[in-house]
$ cat structure.tsv   # TSV, N, CA and C atoms
chain	number	residue	atom	x	y	z
A	1	MET	N	127.90	84.90	90.73
A	1	MET	CA	127.49	85.93	91.67
A	1	MET	C	126.31	86.70	91.09
A	2	LYS	N	125.31	86.95	91.92
A	2	LYS	CA	124.11	87.64	91.50
A	2	LYS	C	124.34	89.15	91.46
A	3	HIS	N	123.81	89.82	90.43
A	3	HIS	CA	123.87	91.28	90.38
A	3	HIS	C	122.70	91.84	91.15
A	4	GLN	N	122.96	92.92	91.88
A	4	GLN	CA	121.91	93.54	92.68
A	4	GLN	C	121.58	94.92	92.11
A	5	ASN	N	120.33	95.31	92.28
A	5	ASN	CA	119.96	96.67	91.94
A	5	ASN	C	120.64	97.61	92.92
A	6	SER	N	120.81	98.87	92.52
A	6	SER	CA	121.51	99.82	93.38
A	6	SER	C	120.73	100.13	94.65
A	7	ASN	N	119.41	99.92	94.66
A	7	ASN	CA	118.63	100.23	95.84
A	7	ASN	C	118.30	98.99	96.67
A	8	GLN	N	118.90	97.87	96.33
A	8	GLN	CA	118.63	96.63	97.05
A	8	GLN	C	119.87	96.27	97.87
A	9	TYR	N	119.64	95.91	99.13
A	9	TYR	CA	120.74	95.61	100.03
A	9	TYR	C	120.76	94.12	100.35
A	10	SER	N	121.96	93.57	100.52
A	10	SER	CA	122.09	92.15	100.85
A	10	SER	C	121.72	91.94	102.33
A	11	GLN	N	121.48	90.70	102.67
A	11	GLN	CA	121.17	90.36	104.06
A	11	GLN	C	122.31	90.76	104.98
A	12	ARG	N	123.54	90.56	104.51
A	12	ARG	CA	124.71	90.91	105.32
A	12	ARG	C	124.77	92.42	105.56
A	13	GLN	N	124.53	93.22	104.54
A	13	GLN	CA	124.52	94.68	104.70
A	13	GLN	C	123.45	95.10	105.71
A	14	LEU	N	122.28	94.52	105.60
A	14	LEU	CA	121.18	94.86	106.51
A	14	LEU	C	121.50	94.45	107.94
A	15	ARG	N	122.07	93.26	108.11
A	15	ARG	CA	122.39	92.75	109.43
A	15	ARG	C	123.48	93.61	110.10
A	16	VAL	N	124.54	93.92	109.36
A	16	VAL	CA	125.63	94.74	109.91
A	16	VAL	C	125.14	96.16	110.18
A	17	GLY	N	124.32	96.69	109.27
A	17	GLY	CA	123.76	98.03	109.47
A	17	GLY	C	122.93	98.11	110.74
A	18	GLU	N	122.12	97.09	110.99
A	18	GLU	CA	121.29	97.05	112.19
A	18	GLU	C	122.16	96.93	113.45
A	19	MET	N	123.22	96.14	113.38
A	19	MET	CA	124.12	95.99	114.51
A	19	MET	C	124.81	97.33	114.84
A	20	ILE	N	125.24	98.03	113.82
A	20	ILE	CA	125.91	99.32	114.03
A	20	ILE	C	124.90	100.36	114.53
A	21	LYS	N	123.68	100.32	114.01
A	21	LYS	CA	122.63	101.24	114.47
A	21	LYS	C	122.39	101.07	115.97
A	22	GLN	N	122.25	99.83	116.42
A	22	GLN	CA	122.02	99.57	117.84
A	22	GLN	C	123.22	100.01	118.68
A	23	SER	N	124.41	99.74	118.19
A	23	SER	CA	125.61	100.12	118.94
A	23	SER	C	125.76	101.64	119.02
A	24	LEU	N	125.50	102.34	117.92
A	24	LEU	CA	125.56	103.80	117.95
A	24	LEU	C	124.52	104.37	118.91
A	25	GLY	N	123.32	103.79	118.90
A	25	GLY	CA	122.28	104.23	119.82
A	25	GLY	C	122.71	104.09	121.26
A	26	GLN	N	123.34	102.97	121.59
A	26	GLN	CA	123.84	102.76	122.96
A	26	GLN	C	124.95	103.76	123.30
A	27	ILE	N	125.85	103.98	122.36
A	27	ILE	CA	126.95	104.92	122.57
A	27	ILE	C	126.41	106.32	122.83
A	28	PHE	N	125.45	106.76	122.03
A	28	PHE	CA	124.89	108.09	122.21
A	28	PHE	C	124.08	108.19	123.50
A	29	LEU	N	123.30	107.18	123.81
A	29	LEU	CA	122.46	107.20	125.00
A	29	LEU	C	123.29	107.23	126.28
A	30	ARG	N	124.35	106.46	126.31
A	30	ARG	CA	125.19	106.37	127.51
A	30	ARG	C	126.30	107.42	127.55
A	31	GLY	N	126.45	108.20	126.48
A	31	GLY	CA	127.48	109.24	126.45
A	31	GLY	C	128.88	108.67	126.40
A	32	GLU	N	129.05	107.53	125.74
A	32	GLU	CA	130.36	106.88	125.70
A	32	GLU	C	131.35	107.57	124.77
A	33	ALA	N	130.84	108.33	123.81
A	33	ALA	CA	131.71	109.14	122.95
A	33	ALA	C	131.63	110.56	123.48
A	34	LYS	N	132.69	111.03	124.06
A	34	LYS	CA	132.70	112.36	124.68
A	34	LYS	C	132.83	113.43	123.60
A	35	LEU	N	131.69	113.93	123.14
A	35	LEU	CA	131.67	114.93	122.08
A	35	LEU	C	131.42	116.31	122.67
A	36	PRO	N	132.27	117.27	122.36
A	36	PRO	CA	132.03	118.63	122.87
A	36	PRO	C	130.81	119.25	122.18
A	37	GLU	N	130.08	120.07	122.92
A	37	GLU	CA	128.96	120.85	122.40
A	37	GLU	C	127.70	120.04	122.09
A	38	ILE	N	127.70	118.73	122.28
A	38	ILE	CA	126.53	117.93	121.91
A	38	ILE	C	126.09	117.07	123.09
A	39	GLU	N	124.79	117.07	123.33
A	39	GLU	CA	124.22	116.11	124.27
A	39	GLU	C	123.84	114.88	123.46
A	40	THR	N	124.69	113.88	123.49
A	40	THR	CA	124.47	112.71	122.63
A	40	THR	C	123.27	111.90	123.04
A	41	ASN	N	122.83	112.01	124.30
A	41	ASN	CA	121.66	111.23	124.70
A	41	ASN	C	120.38	111.78	124.08
A	42	MET	N	120.46	112.90	123.37
A	42	MET	CA	119.31	113.49	122.69
A	42	MET	C	119.29	113.17	121.20
A	43	ILE	N	120.14	112.23	120.76
A	43	ILE	CA	120.24	111.89	119.34
A	43	ILE	C	119.63	110.51	119.10
A	44	THR	N	118.82	110.42	118.06
A	44	THR	CA	118.23	109.14	117.66
A	44	THR	C	118.85	108.71	116.34
A	45	VAL	N	119.30	107.48	116.28
A	45	VAL	CA	119.81	106.90	115.04
A	45	VAL	C	118.65	106.14	114.42
A	46	THR	N	118.15	106.62	113.28
A	46	THR	CA	116.97	106.01	112.68
A	46	THR	C	117.31	104.88	111.72
A	47	GLU	N	118.47	104.97	111.08
A	47	GLU	CA	118.87	103.93	110.11
A	47	GLU	C	120.36	104.02	109.85
A	48	VAL	N	120.95	102.89	109.54
A	48	VAL	CA	122.34	102.84	109.10
A	48	VAL	C	122.39	102.01	107.83
A	49	ARG	N	122.92	102.59	106.77
A	49	ARG	CA	123.06	101.89	105.49
A	49	ARG	C	124.53	101.62	105.23
A	50	MET	N	124.81	100.39	104.88
A	50	MET	CA	126.19	99.96	104.66
A	50	MET	C	126.50	99.89	103.16
A	51	SER	N	127.76	100.17	102.83
A	51	SER	CA	128.20	99.97	101.44
A	51	SER	C	128.34	98.47	101.19
A	52	GLN	N	128.49	98.09	99.93
A	52	GLN	CA	128.57	96.66	99.60
A	52	GLN	C	129.78	95.99	100.23
A	53	ASP	N	130.90	96.72	100.34
A	53	ASP	CA	132.11	96.12	100.94
A	53	ASP	C	132.14	96.26	102.47
A	54	LEU	N	131.10	96.85	103.05
A	54	LEU	CA	130.94	97.03	104.50
A	54	LEU	C	132.02	97.93	105.11
A	55	LYS	N	132.69	98.73	104.31
A	55	LYS	CA	133.74	99.61	104.82
A	55	LYS	C	133.25	101.04	105.05
A	56	ASN	N	132.04	101.34	104.58
A	56	ASN	CA	131.45	102.66	104.78
A	56	ASN	C	130.02	102.51	105.29
A	57	ALA	N	129.69	103.36	106.24
A	57	ALA	CA	128.33	103.35	106.80
A	57	ALA	C	127.78	104.76	106.77
A	58	ARG	N	126.52	104.88	106.41
A	58	ARG	CA	125.84	106.17	106.43
A	58	ARG	C	124.78	106.09	107.52
A	59	ALA	N	124.97	106.86	108.59
A	59	ALA	CA	124.05	106.84	109.73
A	59	ALA	C	123.09	108.02	109.61
A	60	TYR	N	121.80	107.72	109.58
A	60	TYR	CA	120.76	108.75	109.53
A	60	TYR	C	120.35	109.07	110.95
A	61	ILE	N	120.49	110.34	111.33
A	61	ILE	CA	120.23	110.74	112.71
A	61	ILE	C	119.23	111.89	112.75
A	62	ILE	N	118.58	112.00	113.91
A	62	ILE	CA	117.71	113.15	114.16
A	62	ILE	C	117.81	113.47	115.65
A	63	PRO	N	118.08	114.73	115.97
A	63	PRO	CA	118.11	115.11	117.39
A	63	PRO	C	116.68	115.18	117.95
A	64	LEU	N	116.56	115.06	119.24
A	64	LEU	CA	115.26	115.11	119.88
A	64	LEU	C	114.56	116.43	119.55
A	65	GLY	N	113.36	116.34	119.06
A	65	GLY	CA	112.61	117.53	118.67
A	65	GLY	C	112.98	118.06	117.30
A	66	GLY	N	113.97	117.47	116.66
A	66	GLY	CA	114.38	117.90	115.33
A	66	GLY	C	115.05	119.27	115.30
A	67	LYS	N	115.54	119.73	116.47
A	67	LYS	CA	116.14	121.06	116.55
A	67	LYS	C	117.64	120.99	116.28
A	68	ASP	N	118.16	122.00	115.61
A	68	ASP	CA	119.60	122.13	115.33
A	68	ASP	C	120.18	120.90	114.64
A	69	THR	N	119.44	120.34	113.72
A	69	THR	CA	119.87	119.12	113.05
A	69	THR	C	121.20	119.32	112.32
A	70	ASP	N	121.30	120.43	111.58
A	70	ASP	CA	122.53	120.67	110.81
A	70	ASP	C	123.74	120.84	111.72
A	71	LYS	N	123.56	121.50	112.84
A	71	LYS	CA	124.66	121.69	113.80
A	71	LYS	C	125.11	120.34	114.36
A	72	VAL	N	124.15	119.50	114.71
A	72	VAL	CA	124.47	118.18	115.27
A	72	VAL	C	125.20	117.33	114.23
A	73	VAL	N	124.72	117.34	112.98
A	73	VAL	CA	125.36	116.56	111.92
A	73	VAL	C	126.79	117.05	111.69
A	74	ARG	N	126.97	118.37	111.67
A	74	ARG	CA	128.33	118.92	111.48
A	74	ARG	C	129.26	118.49	112.62
A	75	SER	N	128.77	118.57	113.85
A	75	SER	CA	129.59	118.19	115.00
A	75	SER	C	129.92	116.70	114.99
A	76	LEU	N	128.91	115.88	114.67
A	76	LEU	CA	129.16	114.43	114.61
A	76	LEU	C	130.16	114.10	113.51
A	77	THR	N	130.05	114.79	112.39
A	77	THR	CA	130.98	114.55	111.28
A	77	THR	C	132.40	114.97	111.68
A	78	GLU	N	132.50	116.12	112.36
A	78	GLU	CA	133.81	116.62	112.78
A	78	GLU	C	134.47	115.68	113.79
A	79	PHE	N	133.68	115.13	114.70
A	79	PHE	CA	134.22	114.27	115.75
A	79	PHE	C	133.87	112.80	115.53
A	80	SER	N	133.73	112.42	114.26
A	80	SER	CA	133.36	111.03	113.95
A	80	SER	C	134.44	110.04	114.41
A	81	TYR	N	135.68	110.51	114.51
A	81	TYR	CA	136.74	109.61	114.97
A	81	TYR	C	136.51	109.18	116.43
A	82	LEU	N	135.90	110.06	117.24
A	82	LEU	CA	135.59	109.69	118.62
A	82	LEU	C	134.45	108.67	118.67
A	83	VAL	N	133.47	108.85	117.80
A	83	VAL	CA	132.35	107.90	117.73
A	83	VAL	C	132.88	106.56	117.24
A	84	ARG	N	133.76	106.60	116.25
A	84	ARG	CA	134.33	105.36	115.70
A	84	ARG	C	135.17	104.63	116.75
A	85	LYS	N	135.89	105.39	117.57
A	85	LYS	CA	136.70	104.78	118.64
A	85	LYS	C	135.79	104.08	119.65
A	86	ALA	N	134.69	104.73	120.03
A	86	ALA	CA	133.74	104.10	120.96
A	86	ALA	C	133.07	102.89	120.31
A	87	LEU	N	132.80	102.99	119.02
A	87	LEU	CA	132.16	101.89	118.30
A	87	LEU	C	133.10	100.68	118.21
A	88	SER	N	134.39	100.93	118.12
A	88	SER	CA	135.35	99.82	118.02
A	88	SER	C	135.36	98.95	119.27
A	89	LYS	N	134.93	99.50	120.39
A	89	LYS	CA	134.87	98.72	121.63
A	89	LYS	C	133.61	97.86	121.72
A	90	LYS	N	132.61	98.18	120.89
A	90	LYS	CA	131.34	97.45	120.92
A	90	LYS	C	131.19	96.46	119.78
A	91	VAL	N	131.70	96.82	118.61
A	91	VAL	CA	131.51	96.01	117.41
A	91	VAL	C	132.84	95.37	117.02
A	92	HIS	N	132.82	94.08	116.85
A	92	HIS	CA	134.04	93.38	116.48
A	92	HIS	C	133.91	92.89	115.04
A	93	MET	N	134.60	93.62	114.15
A	93	MET	CA	134.58	93.30	112.72
A	93	MET	C	136.01	93.34	112.21
A	94	LYS	N	136.22	92.71	111.08
A	94	LYS	CA	137.55	92.74	110.48
A	94	LYS	C	137.94	94.18	110.13
A	95	PHE	N	137.01	94.91	109.49
A	95	PHE	CA	137.22	96.31	109.16
A	95	PHE	C	136.07	97.11	109.76
A	96	LEU	N	136.40	98.03	110.65
A	96	LEU	CA	135.38	98.89	111.22
A	96	LEU	C	135.03	99.95	110.17
A	97	PRO	N	133.75	100.11	109.85
A	97	PRO	CA	133.39	101.04	108.77
A	97	PRO	C	133.62	102.50	109.13
A	98	LYS	N	133.91	103.28	108.11
A	98	LYS	CA	133.99	104.73	108.25
A	98	LYS	C	132.55	105.23	108.28
A	99	ILE	N	132.21	106.06	109.25
A	99	ILE	CA	130.83	106.48	109.44
A	99	ILE	C	130.65	107.92	108.97
A	100	SER	N	129.64	108.12	108.13
A	100	SER	CA	129.25	109.48	107.76
A	100	SER	C	127.84	109.70	108.30
A	101	PHE	N	127.60	110.87	108.85
A	101	PHE	CA	126.32	111.19	109.47
A	101	PHE	C	125.50	112.08	108.55
A	102	VAL	N	124.21	111.77	108.46
A	102	VAL	CA	123.29	112.48	107.59
A	102	VAL	C	122.02	112.75	108.39
A	103	SER	N	121.44	113.93	108.18
A	103	SER	CA	120.17	114.20	108.87
A	103	SER	C	119.05	113.41	108.20
A	104	ASP	N	118.17	112.88	109.01
A	104	ASP	CA	117.06	112.05	108.52
A	104	ASP	C	115.88	112.96	108.20
A	105	LYS	N	115.50	113.00	106.95
A	105	LYS	CA	114.38	113.84	106.50
A	105	LYS	C	113.08	113.06	106.37
A	106	SER	N	113.08	111.78	106.72
A	106	SER	CA	111.89	110.96	106.52
A	106	SER	C	110.73	111.41	107.40
A	107	PHE	N	111.02	111.94	108.60
A	107	PHE	CA	109.94	112.41	109.47
A	107	PHE	C	109.30	113.67	108.90
A	108	ASP	N	110.11	114.55	108.32
A	108	ASP	CA	109.56	115.74	107.67
A	108	ASP	C	108.67	115.35	106.49
A	109	TYR	N	109.13	114.38	105.73
A	109	TYR	CA	108.37	113.91	104.57
A	109	TYR	C	107.05	113.28	105.02
A	110	ALA	N	107.08	112.46	106.07
A	110	ALA	CA	105.87	111.83	106.58
A	110	ALA	C	104.89	112.88	107.10
A	111	GLU	N	105.40	113.91	107.74
A	111	GLU	CA	104.54	114.98	108.24
A	111	GLU	C	103.88	115.73	107.08
A	112	LYS	N	104.63	115.95	106.02
A	112	LYS	CA	104.09	116.63	104.84
A	112	LYS	C	102.96	115.80	104.21
A	113	ILE	N	103.16	114.51	104.08
A	113	ILE	CA	102.14	113.61	103.52
A	113	ILE	C	100.90	113.61	104.42
A	114	GLU	N	101.11	113.55	105.72
A	114	GLU	CA	99.99	113.55	106.66
A	114	GLU	C	99.18	114.83	106.55
A	115	LYS	N	99.85	115.97	106.38
A	115	LYS	CA	99.17	117.26	106.23
A	115	LYS	C	98.31	117.27	104.97
A	116	ILE	N	98.85	116.73	103.88
A	116	ILE	CA	98.09	116.67	102.62
A	116	ILE	C	96.85	115.80	102.78
A	117	ILE	N	96.98	114.68	103.46
A	117	ILE	CA	95.83	113.79	103.68
A	117	ILE	C	94.77	114.48	104.53
A	118	ARG	N	95.21	115.20	105.57
A	118	ARG	CA	94.24	115.94	106.40
A	118	ARG	C	93.51	116.98	105.59
A	119	GLU	N	94.22	117.69	104.70
A	119	GLU	CA	93.58	118.71	103.86
A	119	GLU	C	92.56	118.09	102.91
A	120	ILE	N	92.89	116.95	102.35
A	120	ILE	CA	91.96	116.26	101.45
A	120	ILE	C	90.72	115.83	102.22
A	121	ASN	N	90.90	115.26	103.40
A	121	ASN	CA	89.76	114.84	104.22
A	121	ASN	C	88.90	116.03	104.62
A	122	TRP	N	89.53	117.15	104.98
A	122	TRP	CA	88.79	118.35	105.33
A	122	TRP	C	87.98	118.83	104.14
A	123	TYR	N	88.58	118.84	102.96
A	123	TYR	CA	87.89	119.26	101.74
A	123	TYR	C	86.68	118.36	101.46
A	124	LYS	N	86.86	117.05	101.59
A	124	LYS	CA	85.75	116.11	101.39
A	124	LYS	C	84.64	116.35	102.40
A	125	TYR	N	85.00	116.62	103.65
A	125	TYR	CA	84.01	116.87	104.69
A	125	TYR	C	83.22	118.14	104.38
A	126	GLU	N	83.93	119.21	103.98
A	126	GLU	CA	83.25	120.47	103.64
A	126	GLU	C	82.31	120.28	102.46
A	127	LYS	N	82.74	119.53	101.48
A	127	LYS	CA	81.91	119.27	100.30
A	127	LYS	C	80.67	118.46	100.71
A	128	TRP	N	80.85	117.47	101.57
A	128	TRP	CA	79.73	116.66	102.04
A	128	TRP	C	78.76	117.51	102.85
A	129	LYS	N	79.30	118.42	103.68
A	129	LYS	CA	78.48	119.27	104.52
A	129	LYS	C	77.60	120.20	103.66
A	130	LYS	N	78.17	120.75	102.61
A	130	LYS	CA	77.41	121.64	101.71
A	130	LYS	C	76.32	120.86	100.98
A	131	LYS	N	76.65	119.64	100.61
A	131	LYS	CA	75.72	118.80	99.88
A	131	LYS	C	74.49	118.48	100.74
A	132	ASP	N	74.70	118.23	102.02
A	132	ASP	CA	73.59	117.89	102.92
A	132	ASP	C	72.95	119.10	103.56
A	133	ASN	N	73.42	120.32	103.22
A	133	ASN	CA	72.87	121.59	103.72
A	133	ASN	C	72.82	121.64	105.25
A	134	TRP	N	73.88	121.52	105.86
A	134	TRP	CA	73.94	121.59	107.32
A	134	TRP	C	73.70	122.97	107.75
$ encode --input "structure.tsv" --output "structure tokens"
Amino acid sequence: MKHQNSNQYSQRQLRVGEMIKQSLGQIFLRGEAKLPEIETNMITVTEVRMSQDLKNARAYIIPLGGKDTDKVVRSLTEFSYLVRKALSKKVHMKFLPKISFVSDKSFDYAEKIEKIIREINWYKYEKWKKKDNW
């Protein structure tokens, strides 16, 4: 058996994660998991990472507009049994994974990088403008 790095996922983990991601997206979009206080059709599932034994899944989510992310994650975590029940009707596996919900910070990180690049470009433009005496 091959040893894997901790940040490397097997094909099976990736395939099952993608299947669960699509199923969760459908469940949230159609409102199949009746969650109090949350409009599930406003939730985007950006990624699902599976454990090596496929018994645990970490779903990265972001609400539309990125508003009230912590509240949505808390509610989804509290009512994860309802999401899991709806998921059991869509996904047929020997063991249905336990799902933990996490807010996705990758969009915030990408926005921060983009802002830095814009600032660098602006600085270069200002320097070029002074050099050419506009």
$ residues_around --input "structure.tsv" --residues "range 55-64 of chain A" --least-positions-apart "4" --cutoff "6.5 Å" --atoms "all atoms listed in the file" --output "ChimeraX atom specification"
/A:42-51,69,95-104
$ atom_distance --input "structure.tsv" --atom1 "CA of Gly25 in chain A" --atom2 "CA of Lys105 in chain A"
18.2 Å
$ closest_residue --input "structure.tsv" --among "A:Leu82, A:Leu76, A:Ile116, A:Leu87" --to "Ser23 in chain A" --atoms "all atoms listed in the file"
A:Leu87
$ closest_residue --input "structure.tsv" --among "A:Arg12, A:Lys67, A:Lys34, A:Lys124" --to "Val83 in chain A" --atoms "only N, CA and C atoms"
A:Lys34
$ residues_around --input "structure.tsv" --residues "range 35-39 of chain A" --least-positions-apart "6" --cutoff "7 Å" --atoms "all atoms listed in the file" --output "compact mmCIF listing (two decimals) with N, CA and C atoms, in the coordinates of the input"
# COMPACT_ATOMS: atom_id res chain seq x y z
N PHE A 28 125.45 106.76 122.03
CA PHE A 28 124.89 108.09 122.21
C PHE A 28 124.08 108.19 123.50
N VAL A 72 124.15 119.50 114.71
CA VAL A 72 124.47 118.18 115.27
C VAL A 72 125.20 117.33 114.23
N PHE A 79 133.68 115.13 114.70
CA PHE A 79 134.22 114.27 115.75
C PHE A 79 133.87 112.80 115.53
$ select_by_dssp --input "structure.tsv" --residues "chain A" --states "helix (DSSP H, G or I)" --output "JSON, numbers by chain"
{"A": [11, 12, 13, 14, 15, 16, 17, 18, 19, 20, 21, 22, 23, 24, 25, 26, 27, 28, 29, 30, 40, 41, 42, 64, 65, 66, 69, 70, 71, 72, 73, 74, 75, 76, 77, 78, 80, 81, 82, 83, 84, 85, 86, 87, 88, 106, 107, 108, 109, 110, 111, 112, 113, 114, 115, 116, 117, 118, 119, 120, 121, 122, 123, 124, 125, 126, 127, 128, 129, 130, 131]}
$ select_by_dssp --input "structure.tsv" --residues "range 5-130 of chain A" --states "strand (DSSP E)" --output "NGL selection string"
:A and (43-50 or 56-63 or 98-103)
